[in-house]
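*Asks:* Dumping the structure here so I can ask a few things about it.
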Amino acid sequence: MNSLVIYFVGSLLRILQFMFFARAIMSWFVQGSDSKIYEFLCLEPVIQPFRSLLSRVSALRNCPFDFAFMLAFFVLIVLEQMVYML
């Protein structure tokens, strides 16, 4: 039972990582932001806590890179590694 839960949570984290990756690739294309797939990949509820955390750092407010997106992606990777270590 325990290994089934670990596998399920790990799979969900892997799917989220894939969704992050797909959204990052689609953001490179102008038409990508208007598509239904891009709307399906709405990850703002996951990214928003990182945005509010990083908005407190004044040096990152006007940065052209979306550090909140990258931080959320890396946290997902770390969480997945921690789940599989259990």
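Note on naming: chains are A, B, ... as they come in the structure tokens, residues start from 1 per chain, ligands start from 1 in the order shown.
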Might you pull out every residue within 9 Å of A:Gln17, with only C-alpha atoms counted and same-chain residues fewer than 3 positions away left off, and present them as a PyMOL selection string?

*Replies:* chain A and resi 12-14+20-22+73-74+76-77

*Asks:* Please give the complete set of residues from chain A that DSSP, run on the backbone, assigns to alpha helix (DSSP H), formatted as number ranges by chain.

*Replies:* A: 2-26, 36-40, 44-54, 67-85

*Asks:* Show me, as a list in words, the residues that have an atom within 12 Å of A:Phe8 when counting only C-alpha atoms, minus same-chain residues fewer than 5 positions from it.

*Replies:*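 Returned residues: Met1, Asn2, Ser3, Leu13, Arg14, Ile15, Glu80, Val83 and Tyr84 of chain A.
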
*Asks:* Convert the current residue selection to file output with C-alpha atoms, as a short mmCIF file (atom, residue, chain, number, x, y, z; two decimals), in the first residue's frame.

*Replies:*
data_model
loop_
_atom_site.label_atom_id
_atom_site.label_comp_id
_atom_site.auth_asym_id
_atom_site.auth_seq_id
_atom_site.Cartn_x
_atom_site.Cartn_y
_atom_site.Cartn_z
CA MET A 1 0.00 0.00 0.00
CA ASN A 2 2.76 2.42 0.92
CA SER A 3 4.63 1.85 -2.33
CA LEU A 13 4.82 15.23 -9.57
CA ARG A 14 6.28 13.91 -12.84
CA ILE A 15 3.13 14.97 -14.73
CA GLU A 80 9.89 14.03 -6.49
CA VAL A 83 9.20 10.99 -2.46
CA TYR A 84 11.23 8.30 -4.19
#

*Asks:* For atom CA of A:Ile47 and atom CA of A:Phe69, determine how far apart the two atoms are, in Å to one decimal place.

*Replies:*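 Atom-to-atom, atom CA of A:Ile47 and atom CA of A:Phe69 are spaced 6.0 Å apart.
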
*Asks:* Quick one: residues within 8 Å of A:Leu54, only C-alpha atoms, excluding same-chain residues fewer than 4 positions away - as a list in words?

*Replies:* Phe50, Leu60, Arg61, Phe67 and Ala68 of chain A

*Asks:* Mind dumping the selected residues with N, CA, C and O atoms as a short mmCIF file (atom, residue, chain, number, x, y, z; two decimals), in the first residue's frame?

*Replies:*
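result-v9.cif, freshly written:
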data_model
loop_
_atom_site.label_atom_id
_atom_site.label_comp_id
_atom_site.auth_asym_id
_atom_site.auth_seq_id
_atom_site.Cartn_x
_atom_site.Cartn_y
_atom_site.Cartn_z
N PHE A 50 5.29 31.16 -5.13
CA PHE A 50 6.69 31.50 -5.40
C PHE A 50 6.81 32.94 -5.91
O PHE A 50 7.77 33.63 -5.61
N LEU A 60 14.66 41.27 -7.97
CA LEU A 60 14.02 40.34 -8.90
C LEU A 60 12.71 40.86 -9.48
O LEU A 60 12.10 40.23 -10.33
N ARG A 61 12.25 42.02 -9.03
CA ARG A 61 10.95 42.52 -9.48
C ARG A 61 10.93 42.89 -10.96
O ARG A 61 9.96 42.64 -11.64
N PHE A 67 11.75 33.88 -12.48
CA PHE A 67 12.40 33.05 -11.47
C PHE A 67 11.40 32.25 -10.65
O PHE A 67 11.72 31.17 -10.16
N ALA A 68 10.18 32.75 -10.50
CA ALA A 68 9.16 32.01 -9.76
C ALA A 68 8.82 30.71 -10.49
O ALA A 68 8.66 29.66 -9.86
#

*Asks:* Looking at A:Asp66, A:Phe40, A:Tyr7, A:Val75, which one is nearest to A:Met19, with distances taken over only C-alpha atoms?

*Replies:*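 Looking only at the distances to A:Met19, the closest residue turns out to be A:Phe40.
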
*Asks:* Please determine, counting only C-alpha atoms, which residue among A:Ala72, A:Val5, A:Met26, A:Leu86 has the shortest atom-to-atom distance to A:Leu53.

*Replies:* A:Ala72

*Asks:* Would you mind reading off the distance between atom CA of A:Val9 and atom CA of A:Met85, one decimal, in Å?

*Replies:* 12.4 Å

*Asks:* What does the structure give for the distance between atom CA of A:Phe29 and atom CA of A:Glu44, in Å to one decimal?

*Replies:*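 According to the coordinates, atom CA of A:Phe29 and atom CA of A:Glu44 are separated by 18.9 Å.
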
*Asks:* Nearest residue to A:Leu43 out of A:Arg23, A:Ser11, A:Phe65, A:Leu79, using only C-alpha atoms?

*Replies:*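 Comparing A:Arg23, A:Ser11, A:Phe65, A:Leu79 against A:Leu43, the winner is A:Arg23.
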